[in-house]
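Since the structure comes first, as structure tokens, the remarks are kept for the end.
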Protein chains: 4
Amino acid sequence: MQRTIGIIMNGVTGRMGTNQHLIRSVLAIRDHGGLPLANGETLMPDPVLVGRNENKLARLAAAHNLSRYTTDLDAALSDPANEIYFDSTLTQLRAEGVKRAIAAGKAVYCEKPTAGTTDEALELYTLAREAGVKHGVVQDKLWLPGMLKLKYLRDSGFFGRLIAARMEFGYWVFDGFHQPANRPSWNYRKEDGGGLFLDMFPHWRYLVDNLFGPVSAISSVGAVTIPERVDENGERYRSTAEDSAHLTLELENGMFVQINCSWQSRVRREEILQVQVDGTDGSAVAGLRDARIQDEAATPKPIWNPDIPNPIDFYEGWTLLPDRDPSKNAFLAQWELFLRHCAEDAPFPWDLLEGAKGVQLAELGLQSRRERRWVEVPALK
Amino acid sequence: MQRTIGIIMNGVTGRMGTNQHLIRSVLAIRDHGGLPLANGETLMPDPVLVGRNENKLARLAAAHNLSRYTTDLDAALSDPANEIYFDSTLTQLRAEGVKRAIAAGKAVYCEKPTAGTTDEALELYTLAREAGVKHGVVQDKLWLPGMLKLKYLRDSGFFGRLIAARMEFGYWVFDGFHQPANRPSWNYRKEDGGGLFLDMFPHWRYLVDNLFGPVSAISSVGAVTIPERVDENGERYRSTAEDSAHLTLELENGMFVQINCSWQSRVRREEILQVQVDGTDGSAVAGLRDARIQDEAATPKPIWNPDIPNPIDFYEGWTLLPDRDPSKNAFLAQWELFLRHCAEDAPFPWDLLEGAKGVQLAELGLQSRRERRWVEVPALK
Amino acid sequence: MQRTIGIIMNGVTGRMGTNQHLIRSVLAIRDHGGLPLANGETLMPDPVLVGRNENKLARLAAAHNLSRYTTDLDAALSDPANEIYFDSTLTQLRAEGVKRAIAAGKAVYCEKPTAGTTDEALELYTLAREAGVKHGVVQDKLWLPGMLKLKYLRDSGFFGRLIAARMEFGYWVFDGFHQPANRPSWNYRKEDGGGLFLDMFPHWRYLVDNLFGPVSAISSVGAVTIPERVDENGERYRSTAEDSAHLTLELENGMFVQINCSWQSRVRREEILQVQVDGTDGSAVAGLRDARIQDEAATPKPIWNPDIPNPIDFYEGWTLLPDRDPSKNAFLAQWELFLRHCAEDAPFPWDLLEGAKGVQLAELGLQSRRERRWVEVPALK
Amino acid sequence: MQRTIGIIMNGVTGRMGTNQHLIRSVLAIRDHGGLPLANGETLMPDPVLVGRNENKLARLAAAHNLSRYTTDLDAALSDPANEIYFDSTLTQLRAEGVKRAIAAGKAVYCEKPTAGTTDEALELYTLAREAGVKHGVVQDKLWLPGMLKLKYLRDSGFFGRLIAARMEFGYWVFDGFHQPANRPSWNYRKEDGGGLFLDMFPHWRYLVDNLFGPVSAISSVGAVTIPERVDENGERYRSTAEDSAHLTLELENGMFVQINCSWQSRVRREEILQVQVDGTDGSAVAGLRDARIQDEAATPKPIWNPDIPNPIDFYEGWTLLPDRDPSKNAFLAQWELFLRHCAEDAPFPWDLLEGAKGVQLAELGLQSRRERRWVEVPALK
């Protein structure tokens with residue numbers, strides 16, 4: 001038996017909303033005949049596109065044979081068939097839409113950061129909890145094949161006790177003078193919402209919390225290393241938002257996680273994101289898709305002797321993990337879990353409180369940078 | 001014409017003193033027929049071994065056909081033919097020997113750390129300067145082939161403006177339970193002088209100061225990640241000295257240098273020490289011996305798309321620098337410079353003040369760790 | 001301080017006795033300046049060569065600058081300076097020499113098989129125990145680097161629970177018709193003491209007992225697959241001793257170990273001896289020197305589909321263990337342990353009882369073959 | 001001229017029946033325009049699907065544009081156009097269907113094992129012979145490219161006289177705790193028909209009989225090495241059926257064939273199934289598709305010396321056989337032979353008697369395991 005569930009998709013005319021949430025997630029589920037539920041039913045998502053620009057909505061709907069779109073959010077919210085509200089609007093606009101959806105009794109699912117400040121993010125969580133609606137926040141990187149492999153290694157006991165982790169993230173973004181830039185210029189203007197902290201720290205928060213343990217303190221610095229760039233129109237502009245950040249996290253279990261993020265570093269590693277995890281019994285180096293392991297038994301015993309060429313090839317002794325099960329788009333994987341959460345009450349721990357934690361880490365990271373000291377990360381409630 | 005210069009070598013019965021300073025430096029110069037000077041003369045070093053254990057001195061002298069050794073430092077200092085005093089004794093003993101040598105008017109050359117505290121290290125500098133003797137401190141890593149290549153790249157303008165640098169140092173040290181440990185157990189006991197800060201931070205200070213610019217502030221943490229180990233006699237012991245440290249340095253030029261050192265991390269990179277330097281025009285990744293570069297022109301333009309296997313091999317696009325000139329043992333290279341400094345007044349900027357800066361960074365690093373904040377690094381005078 | 005220990009070496013004019021026991025073990029210890037003991041003393045072995053052929057003894061002694069050799073075993077035994085009796089004579093002669101040595105109160109060390117029957121082997125053990133002399137049996141393969149790596153993997157918990165093991169041993173021995181044979185012809189004549197069972201089963205016994213657990217039952221078959229061969233003199237002869245054997249061992253822990261040995265099988269694997277060990281958490285494939293591991297996490301998930309070429313390279317996903325510590329000749333390693341056992345009472349569990357177990361497995365293996373059934377392996381006492 | 005032959009396909013809604021027998025065999029012959037016969041005619045198979053679940057039959061028929069399906073076996077048998085009855089139902093149901101087909105005078109072709117006991121399997125053979133109908137049993141692995149290459153090597157005299165053979169079969173099946181299992185859970189429950197003996201021993205019987213010679217005795221053991229697993233629904237269950245077996249077969253020609261099968265062994269070889277055959281003149285190692293040979297002339301002469309790294313690369317000296325002729329799906333190949341057997345009386349030796357031999361080996365293998373002894377394999381008649 002098939003059951004239809006209406007989903008208000010607000011702000012999916014943007015690149016991420018269109019590609020990841022609409023096409024690769026919601027429409028992909030439709031194309032595969034709906035989502036099979038535990039009770040044997042099939043759940044069929046029925047999106048209604050919501051936005052401010054009717055032309056864009058019409059074009060997007062037409063391109064995907066969708067009949068439902070509107071610029072009138074309240075109208076969409078008033079239709080009881082629309083049980084879910086999804087939000088991938090600009091961060092500044094998010095809170096308002098989410099609040100209206102909560103007030104209308106909808107289940108709420110939204111992009112990160114859920115708000116610009118921790119207080120605001122917590123308010124959304126409190127409202128949703130008091131209203132008794134279901135809620136969730138996109139934490140897609142948890143479902144990247146490489147991160148799933150890390151989780152598997154941790155759960156199956158491969159690491160023994162965790163010792164430390166390091167992450168390298170980023171790639172070289174051209175300044176636009178001789179090569180067009182490969183990221184939008186607003187990312188480098190604080191006045192337009194740019195900056196690494198609010199953009200990336202929420203990702204680090206849920207990755208670290210979920211893979212290694214709860215974060216208890218942060219020390220971070222950031223820098224604007226390229227002061228002048230050329231924008232999409234060939235105009236020079238001043239960079240006001242940091243393009244690189246170094247942070248160290250202390251976890252409740254005593255472990256440190258050191259993270260370097262930079263849009264101005266040339267990559268010499270397997271993937272754009274690389275995480276090294278060292279444990280007493282083994283280590284892993286994982287990227288977006290792949291992971292390599294080195295067991296204690298295969299760990300070499302080097303000798304410091306710079307007078308001879310290094311006799312050990314440190315790239316040997318690592319084993320690439322096989323792709324044993326088919327991988328799924330990370331956004332789709334989380335959408336399926338949220339739909340099951342709504343339809344059959346399956347567990348979904350990645351809620352608005354978890355989303356608020358991401359905003360909190362960004363906020364405290366900026367405070368640490370400003371005050372030049374470690375800042376404790378208190379529990380949110 | 002040949003000129004002989006007597007060198008008091010105090011504390012060279014230890015592994016480092018014997019191998020690097022006596023055999024590969026001073027005796028190597030003798031074996032090559034002495035050191036040619038600018039004026040056409042040849043300088044022939046004539047070592048006298050000094051130590052506390054006469055048996056050990058006798059054996060070491062015999063093994064290398066040396067006639068001069070003594071346990072009486074004052075006697076050695078009173079011989080005017082001995083123009084240079086070299087010290088690689090235990091850190092705790094260093095100050096006393098150096099002071100007596102200065103008092104005797106000898107040129108002084110010694111291992112790092114020059115003392116256990118910045119004040120003590122500064123006192124040695126002040127005494128030497130007031131006595132008007134020549135002085136120097138071992139900073140061997142500056143002459144590693146890989147570091148010389150970085151210096152060459154910087155001096156030749158390859159990097160453009162420096163943006164940031166990162167260093168990874170260390171390898172996996174076994175805990176001794178199933179595999180004998182590959183470092184001595186005292187390294188992991190604070191009560192025996194172990195610990196990464198005093199051992200390694202002096203190296204980072206001179207490398208960063210010399211390669212990237214003067215350090216102005218430090219933030220650092222350290223950890224004992226393996227609480228129990230097995231020593232050389234098969235006995236269990238508690239580790240009390242940190243086996244890993246994460247530090248971030250801020251330089252006067254505004255650049256950040258992020259450094260991870262760990263004896264509990266499995267290596268997936270070319271060499272035990274790896275330095276990545278990013279500049280506006282190019283980047284380099286260097287180790288003890290090799291360096292690889294990526295010019296702005298060869299920098300790839302990646303796209304974030306975890307749904308497909310990474311289409312770019314980030315290891316391509318880097319070019320290995322050729323070994324164009326024969327490399328020399330790093331200790332020998334600095335010895336030759338110090339001998340020329342003594343014999344013909346050639347410049348030698350790596351003096352006791354520079355040595356004191358290394359001690360200072362270790363001391364402030366420990367303070368930063370304790371106070372959980374950034375600590376400024378004031379100029380020493 | 002140095003202490004000399006006389007060693008009667010009986011039967012070392014044979015290839016194995018000369019090369020492994022005399023040259024690479026006893027003389028090697030002398031060449032390295034003796035064996036350091038725990039109390040700081042140095043133990044210096046002083047061999048006296050014993051045999052039946054005075055000419056051979058004289059030649060061997062001369063070749064190695066040894067002054068002591070004799071054909072009179074009793075004379076050697078009567079010298080109290082000779083504390084150890086070593087025996088690598090023919091198996092048929094072994095018991096008599098060992099008994100005389102025990103009667104003379106000497107510590108006894110001998111090659112395997114210790115006797116031709118279990119009863120006789122047990123008698124040697126009983127005599128030695130009653131006489132209160134120290135005793136040991138050569139079990140060299142335990143100290144092969146590859147087997148030490150297996151032991152390390154087991155001890156460090158790499159395997160999890162052991163599931164099963166397989167061993168392949170042997171190589172192609174030419175029959176002598178078109179290529180000279182690469183093993184002596186007596187090996188293929190039962191009447192001359194040839195045959196795989198008595199030769200190799202003692203090795204399997206101690207390897208399995210020590211690496212995987214005590215053997216509790218055996219099922220084995222053997223075959224003469226090449227009925228006619230050509231000997232060292234170009235004469236044809238009939239093979240009467242089996243050249244191949246298949247055995248399955250059941251262990252007390254319930255695990256099976258399957259072993260194929262053949263001198264008529266062409267090798268397609270890394271080494272002459274290959275042991276595969278499967279455990280719940282990981283597997284290893286080891287040879288004489290190398291070992292490769294595959295962790296559960298790196299284990300591929302194949303699909304049976306013979307319609308397409310195999311999509312998985314099963315040789316990937318295995319990691320070669322590094323040679324972390326210098327390896328030592330396996331015979332020398334055991335000699336050092338036996339000498340320490342004699343000189344300072346260090347533990348040495350590989351005694352004549354263990355040697356008798358090897359003979360027992362060969363005997364029961366032949367019984368299993370004859371009676372075409374599993375035979376229990378009772379405890380020896 | 002074209003001739004149509006009706007084929008009752010009973011039980012092809014299962015995975016193997018659908019994929020291998022219906023799609024890749026019978027329908028593939030139709031898609032290629034029928035099977036050319038010796039007399040110039042073309043034989044066109046016309047399947048009628050039979051089963052117990054009408055919905056499944058309807059879906060399968062629709063998916064392949066087939067009009068004929070029914071749940072009424074008798075009706076299908078009563079149609080004289082249906083000359084062949086094929087059976088791939090569950091083993092427990094097979095005998096009944098086959099008997100009804102024989103009674104109806106149909107040619108019978110069926111999957112292995114043909115029955116649960118040797119007596120029952122023999123009864124089918126006797127009934128078919130007495131009824132004078134044609135009959136055959138699926139023995140697909142004989143037509144695997146790798147096995148065809150072994151047969152070619154044997155027939156062309158490459159091996160000389162056969163000496164011995166070994167087979168390794170299986171791969172690692174995950175227990176389901178941290179990785180979903182890669183075989184259905186019923187395989188590990190005896191009460192649900194699981195277990196290696198009845199599943200795999202029929203394959204070994206026909207492979208050995210056909211490639212090396214008639215089997216005359218068996219010795220086998222089996223084990224449940226993983227006592228607890230997780231099933232398709234995430235529920236834990238106890239394994240009651242053996243997951244591994246070691247067997248040794250003795251052939252009438254005196255040769256031994258040693259076989260290890262395990263679902264709990266990690267694979268380090270070219271393919272899932274690997275057969276090594278040693279002969280006096282040469283050896284081969286074959287898998288599902290490939291085979292490699294080593295001629296006597298290319299056989300290396302190794303020396304036992306564990307003191308040095310193995311100087312011989314034993315993987316060299318083997319030559320990969322070329323794929324000279326296009327390979328065909330193994331099931332299709334046998335189907336074509338059976339159709340020719342029915343249509344033009346071409347020879348087809350793989351009949352119900354041969355099928356009974358497979359059941360016999362499984363039964364005697366279980367007896368050998370129980371009685372812990374060799375069991376003779378008597379001729380069936």
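Identifiers in this document derive from the order of the structure tokens: chains are assigned A, B, ..., residues are numbered from 1 separately in each chain, and ligands are numbered from 1 in order of occurrence.
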Counting only C-alpha atoms, what is within 8 Å of range 159-167 of chain C, bar same-chain residues fewer than 5 positions away, as a compact mmCIF listing (two decimals) with all heavy atoms, in the first residue's frame?
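In the end it all went to result.txt:
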```txt
# COMPACT_ATOMS: atom_id res chain seq x y z
N LEU C 153 51.29 -11.81 16.39
CA LEU C 153 49.92 -11.46 16.02
C LEU C 153 48.93 -12.13 16.98
O LEU C 153 47.95 -11.53 17.40
CB LEU C 153 49.63 -11.91 14.58
CG LEU C 153 50.33 -11.09 13.49
CD1 LEU C 153 50.18 -11.78 12.13
CD2 LEU C 153 49.75 -9.67 13.42
N ARG C 154 49.22 -13.39 17.33
CA ARG C 154 48.33 -14.08 18.25
C ARG C 154 48.38 -13.44 19.64
O ARG C 154 47.35 -13.14 20.24
CB ARG C 154 48.74 -15.56 18.34
CG ARG C 154 47.76 -16.39 19.13
CD ARG C 154 48.44 -17.62 19.70
NE ARG C 154 49.56 -17.24 20.55
CZ ARG C 154 50.45 -18.07 21.06
NH1 ARG C 154 50.38 -19.35 20.76
NH2 ARG C 154 51.43 -17.65 21.83
N PHE C 212 48.97 -22.50 17.95
CA PHE C 212 47.51 -22.51 17.90
C PHE C 212 46.86 -23.22 19.08
O PHE C 212 45.71 -22.96 19.39
CB PHE C 212 47.05 -23.17 16.59
CG PHE C 212 47.71 -22.60 15.37
CD1 PHE C 212 48.33 -23.42 14.42
CD2 PHE C 212 47.72 -21.24 15.16
CE1 PHE C 212 48.96 -22.89 13.31
CE2 PHE C 212 48.35 -20.69 14.04
CZ PHE C 212 48.97 -21.52 13.12
N MET C 255 39.56 -26.34 17.14
CA MET C 255 39.97 -25.82 15.84
C MET C 255 40.62 -26.93 15.00
O MET C 255 41.25 -27.83 15.55
CB MET C 255 40.97 -24.70 16.16
CG MET C 255 41.72 -24.09 15.06
SD MET C 255 42.91 -22.91 15.87
CE MET C 255 43.90 -22.51 14.41
N PHE C 256 40.47 -26.86 13.69
CA PHE C 256 41.16 -27.78 12.78
C PHE C 256 42.35 -27.08 12.11
O PHE C 256 42.27 -25.90 11.77
CB PHE C 256 40.22 -28.28 11.68
CG PHE C 256 39.17 -29.25 12.17
CD1 PHE C 256 37.84 -28.86 12.26
CD2 PHE C 256 39.52 -30.54 12.54
CE1 PHE C 256 36.87 -29.75 12.71
CE2 PHE C 256 38.56 -31.44 12.98
CZ PHE C 256 37.23 -31.05 13.08
N VAL C 257 43.43 -27.84 11.95
CA VAL C 257 44.58 -27.36 11.18
C VAL C 257 44.82 -28.35 10.06
O VAL C 257 45.06 -29.54 10.32
CB VAL C 257 45.83 -27.23 12.07
CG1 VAL C 257 47.01 -26.75 11.24
CG2 VAL C 257 45.57 -26.30 13.24
N GLN C 258 44.71 -27.88 8.83
CA GLN C 258 44.88 -28.77 7.68
C GLN C 258 46.24 -28.51 7.07
O GLN C 258 46.62 -27.36 6.83
CB GLN C 258 43.75 -28.50 6.67
CG GLN C 258 43.54 -29.61 5.66
CD GLN C 258 44.57 -29.54 4.56
OE1 GLN C 258 44.88 -28.47 4.07
NE2 GLN C 258 45.10 -30.68 4.16
N ILE C 259 47.02 -29.59 6.85
CA ILE C 259 48.41 -29.45 6.38
C ILE C 259 48.64 -30.34 5.16
O ILE C 259 48.34 -31.54 5.19
CB ILE C 259 49.41 -29.85 7.49
CG1 ILE C 259 49.11 -29.09 8.79
CG2 ILE C 259 50.84 -29.64 7.04
CD1 ILE C 259 50.00 -29.47 9.97
N ASN C 260 49.14 -29.73 4.09
CA ASN C 260 49.59 -30.50 2.94
C ASN C 260 51.09 -30.38 2.84
O ASN C 260 51.63 -29.27 2.82
CB ASN C 260 48.96 -29.95 1.64
CG ASN C 260 47.46 -30.15 1.60
OD1 ASN C 260 46.95 -31.22 1.93
ND2 ASN C 260 46.73 -29.12 1.19
N LEU C 273 57.19 -22.70 2.78
CA LEU C 273 56.21 -23.01 3.82
C LEU C 273 55.25 -21.84 3.89
O LEU C 273 55.69 -20.69 3.99
CB LEU C 273 56.89 -23.18 5.18
CG LEU C 273 55.94 -23.24 6.40
CD1 LEU C 273 55.08 -24.49 6.35
CD2 LEU C 273 56.73 -23.20 7.69
N GLN C 274 53.97 -22.12 3.81
CA GLN C 274 53.00 -21.04 3.94
C GLN C 274 51.90 -21.46 4.90
O GLN C 274 51.32 -22.53 4.76
CB GLN C 274 52.40 -20.69 2.58
CG GLN C 274 51.47 -19.50 2.65
CD GLN C 274 51.34 -18.81 1.30
OE1 GLN C 274 52.31 -18.38 0.70
NE2 GLN C 274 50.13 -18.72 0.81
N VAL C 275 51.64 -20.59 5.86
CA VAL C 275 50.63 -20.87 6.88
C VAL C 275 49.56 -19.79 6.78
O VAL C 275 49.88 -18.61 6.85
CB VAL C 275 51.26 -20.81 8.29
CG1 VAL C 275 50.23 -21.17 9.35
CG2 VAL C 275 52.47 -21.72 8.38
N GLN C 276 48.33 -20.21 6.59
CA GLN C 276 47.23 -19.23 6.66
C GLN C 276 46.48 -19.45 7.96
O GLN C 276 46.06 -20.57 8.27
CB GLN C 276 46.27 -19.37 5.47
CG GLN C 276 45.01 -18.52 5.71
CD GLN C 276 44.36 -17.95 4.48
OE1 GLN C 276 44.81 -18.19 3.36
NE2 GLN C 276 43.29 -17.19 4.65
N VAL C 277 46.31 -18.39 8.69
CA VAL C 277 45.58 -18.43 9.95
C VAL C 277 44.38 -17.51 9.83
O VAL C 277 44.54 -16.33 9.50
CB VAL C 277 46.46 -17.95 11.13
CG1 VAL C 277 45.75 -18.19 12.45
CG2 VAL C 277 47.80 -18.65 11.11
N ASP C 278 43.19 -18.03 10.07
CA ASP C 278 41.99 -17.21 10.05
C ASP C 278 41.46 -17.04 11.46
O ASP C 278 41.31 -18.03 12.19
CB ASP C 278 40.92 -17.85 9.16
CG ASP C 278 41.27 -17.80 7.68
OD1 ASP C 278 41.52 -16.68 7.19
OD2 ASP C 278 41.31 -18.85 7.04
N GLY C 279 41.19 -15.81 11.82
CA GLY C 279 40.59 -15.53 13.12
C GLY C 279 39.35 -14.67 12.93
O GLY C 279 39.12 -14.13 11.85
N THR C 280 38.57 -14.54 13.98
CA THR C 280 37.35 -13.75 13.83
C THR C 280 37.64 -12.30 13.44
O THR C 280 36.89 -11.71 12.68
CB THR C 280 36.56 -13.72 15.17
OG1 THR C 280 37.48 -13.39 16.23
CG2 THR C 280 35.95 -15.07 15.46
N ASP C 281 38.75 -11.74 13.91
CA ASP C 281 39.02 -10.32 13.67
C ASP C 281 40.02 -10.06 12.56
O ASP C 281 40.19 -8.90 12.14
CB ASP C 281 39.55 -9.66 14.95
CG ASP C 281 38.52 -9.66 16.06
OD1 ASP C 281 37.39 -10.09 15.81
OD2 ASP C 281 38.85 -9.22 17.17
N GLY C 282 40.72 -11.10 12.10
CA GLY C 282 41.71 -10.89 11.05
C GLY C 282 42.37 -12.19 10.67
O GLY C 282 42.25 -13.19 11.40
N SER C 283 43.05 -12.17 9.53
CA SER C 283 43.75 -13.36 9.05
C SER C 283 45.19 -12.99 8.73
O SER C 283 45.52 -11.82 8.52
CB SER C 283 43.08 -13.89 7.78
OG SER C 283 41.77 -14.31 8.04
N THR D 225 32.26 -22.62 12.93
CA THR D 225 33.31 -21.82 13.56
C THR D 225 32.78 -20.52 14.14
O THR D 225 33.40 -19.93 15.00
CB THR D 225 34.44 -21.50 12.56
OG1 THR D 225 33.91 -20.66 11.54
CG2 THR D 225 35.01 -22.77 11.94
N GLN D 264 34.58 -18.93 6.17
CA GLN D 264 35.22 -18.09 7.19
C GLN D 264 36.73 -18.08 6.98
O GLN D 264 37.50 -18.22 7.91
CB GLN D 264 34.86 -18.60 8.60
CG GLN D 264 33.38 -18.60 8.92
CD GLN D 264 32.65 -17.32 8.63
OE1 GLN D 264 31.52 -17.32 8.16
NE2 GLN D 264 33.28 -16.19 8.87
```
Hey, which bits of chain C sit within 10 Å of chain B, and for each residue what's the closest pair of atoms and how far apart in Å (one decimal), counting only C-alpha atoms, rows by chain and increasing number, as JSON lines?
```
{"residue": "C:Tyr152", "atom": "CA", "partner": "B:His178", "partner_atom": "CA", "distance": 6.8}
{"residue": "C:Leu153", "atom": "CA", "partner": "B:His178", "partner_atom": "CA", "distance": 9.0}
{"residue": "C:Asp155", "atom": "CA", "partner": "B:His178", "partner_atom": "CA", "distance": 7.3}
{"residue": "C:Ser156", "atom": "CA", "partner": "B:His178", "partner_atom": "CA", "distance": 6.1}
{"residue": "C:Gly157", "atom": "CA", "partner": "B:His178", "partner_atom": "CA", "distance": 9.9}
{"residue": "C:Arg324", "atom": "CA", "partner": "B:Gln179", "partner_atom": "CA", "distance": 8.7}
{"residue": "C:Asp325", "atom": "CA", "partner": "B:Pro180", "partner_atom": "CA", "distance": 8.5}
```
Item to check | Distance query range 65-79 of chain C at most 9 Å, only C-alpha atoms, self and fewer than 3 positions along chain excluded, as a ChimeraX atom specification | outcome: /C:6,8,10,46-54,57-58,60-62,82-83,85,97,100-101,104-106
Mind dumping the selected residues with N, CA and C atoms as a compact mmCIF listing (two decimals), in the first residue's frame?
```
# COMPACT_ATOMS: atom_id res chain seq x y z
N GLY C 6 82.02 -25.87 28.35
CA GLY C 6 82.38 -26.87 27.35
C GLY C 6 81.14 -27.54 26.77
N ILE C 8 80.00 -30.68 24.24
CA ILE C 8 80.29 -31.83 23.39
C ILE C 8 79.33 -31.78 22.21
N ASN C 10 78.20 -33.82 19.20
CA ASN C 10 78.27 -35.15 18.60
C ASN C 10 77.47 -35.18 17.30
N ASP C 46 82.69 -23.45 24.48
CA ASP C 46 83.95 -24.05 24.04
C ASP C 46 83.66 -25.46 23.52
N PRO C 47 83.45 -25.60 22.21
CA PRO C 47 82.99 -26.89 21.68
C PRO C 47 84.10 -27.93 21.59
N VAL C 48 83.73 -29.20 21.79
CA VAL C 48 84.60 -30.31 21.43
C VAL C 48 83.83 -31.16 20.44
N LEU C 49 84.39 -31.38 19.27
CA LEU C 49 83.70 -32.11 18.21
C LEU C 49 83.85 -33.60 18.44
N VAL C 50 82.75 -34.34 18.37
CA VAL C 50 82.78 -35.79 18.55
C VAL C 50 82.15 -36.44 17.33
N GLY C 51 82.74 -37.57 16.89
CA GLY C 51 82.18 -38.27 15.74
C GLY C 51 82.86 -39.60 15.56
N ARG C 52 82.52 -40.27 14.45
CA ARG C 52 83.10 -41.59 14.24
C ARG C 52 84.28 -41.54 13.28
N ASN C 53 84.35 -40.48 12.51
CA ASN C 53 85.36 -40.41 11.47
C ASN C 53 86.40 -39.34 11.84
N GLU C 54 87.57 -39.81 12.27
CA GLU C 54 88.57 -38.87 12.78
C GLU C 54 89.03 -37.87 11.70
N LEU C 57 86.51 -35.12 11.37
CA LEU C 57 86.57 -34.24 12.55
C LEU C 57 87.78 -33.30 12.47
N ALA C 58 88.89 -33.87 12.07
CA ALA C 58 90.12 -33.07 12.00
C ALA C 58 89.95 -31.94 10.97
N LEU C 60 87.16 -30.58 9.90
CA LEU C 60 86.19 -29.59 10.37
C LEU C 60 86.81 -28.68 11.45
N ALA C 61 87.55 -29.31 12.37
CA ALA C 61 88.19 -28.54 13.44
C ALA C 61 89.18 -27.53 12.85
N ALA C 62 89.98 -28.01 11.90
CA ALA C 62 90.99 -27.14 11.29
C ALA C 62 90.34 -25.96 10.58
N ASN C 82 83.12 -30.02 30.29
CA ASN C 82 82.09 -30.16 29.26
C ASN C 82 80.73 -30.34 29.94
N GLU C 83 80.00 -29.27 30.07
CA GLU C 83 78.75 -29.32 30.83
C GLU C 83 77.55 -29.71 29.97
N TYR C 85 75.95 -31.74 26.49
CA TYR C 85 76.09 -32.70 25.41
C TYR C 85 75.07 -32.37 24.34
N GLY C 97 73.72 -42.18 22.57
CA GLY C 97 74.57 -41.06 22.98
C GLY C 97 73.91 -40.23 24.07
N ARG C 100 74.07 -41.99 27.43
CA ARG C 100 75.40 -41.92 28.06
C ARG C 100 75.64 -40.53 28.65
N ALA C 101 75.18 -39.53 27.96
CA ALA C 101 75.38 -38.16 28.46
C ALA C 101 74.59 -37.93 29.74
N ALA C 104 76.22 -39.44 32.53
CA ALA C 104 77.39 -38.68 32.96
C ALA C 104 77.01 -37.35 33.60
N GLY C 105 75.70 -37.11 33.72
CA GLY C 105 75.25 -35.90 34.41
C GLY C 105 75.32 -34.64 33.57
N LYS C 106 75.38 -34.81 32.25
CA LYS C 106 75.47 -33.62 31.40
C LYS C 106 74.09 -33.05 31.09
```
Item to check | Near-range 16-29 of chain A list (7 Å; only C-alpha atoms; drop same-chain fewer than 6 positions) as number ranges by chain | outcome: A: 35, 45, 88, 331-332, 335
Based on the selection just made, write C-alpha atoms of those residues as a compact mmCIF listing (two decimals), in the first residue's frame.
```txt
# COMPACT_ATOMS: atom_id res chain seq x y z
CA LEU A 35 10.37 4.59 0.42
CA PRO A 45 7.00 12.13 -1.08
CA SER A 88 17.31 25.60 2.72
CA PHE A 331 21.77 13.78 1.65
CA LEU A 332 19.42 11.06 0.43
CA TRP A 335 16.29 12.25 4.06
```
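Ranking C:Ile272, C:Met9, C:Leu249, C:Met200 by their shortest atom-to-atom distance to Leu288 in chain C, with only C-alpha atoms included, puts C:Ile272 first.
Ranking A:Thr117, A:Ser239, A:Asn210, A:Asn329 by their shortest atom-to-atom distance to Asn187 in chain A, with only C-alpha atoms included, puts A:Ser239 first.
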Checklist outcome for this item: note - CA of Phe197 in chain A and CA of Glu228 in chain A are separated by 19.8 Å
Item to check | Gap from CA of Lys134 in chain C to CA of Gln334 in chain C - Å, one decimal | outcome: 14.5 Å
Next on the checklist: If we count only C-alpha atoms and set the cut-off at 9 Å, which residues sit around Pro347 in chain A, ignoring sequence neighbours fewer than 2 positions away in its own chain? Please answer as a PyMOL selection string.
Outcome noted: chain A and resi 337-338+340-341+345+349
Checklist entry - Just asking: which residues within range 138-237 of chain A are alpha helix (DSSP H) according to DSSP, as JSON, numbers by chain? => result {"A": [145, 146, 147, 148, 149, 150, 151, 152, 153, 154, 155, 196, 197, 198, 199, 200, 201, 202, 203, 204, 205, 206, 207, 208, 209, 210, 211]}
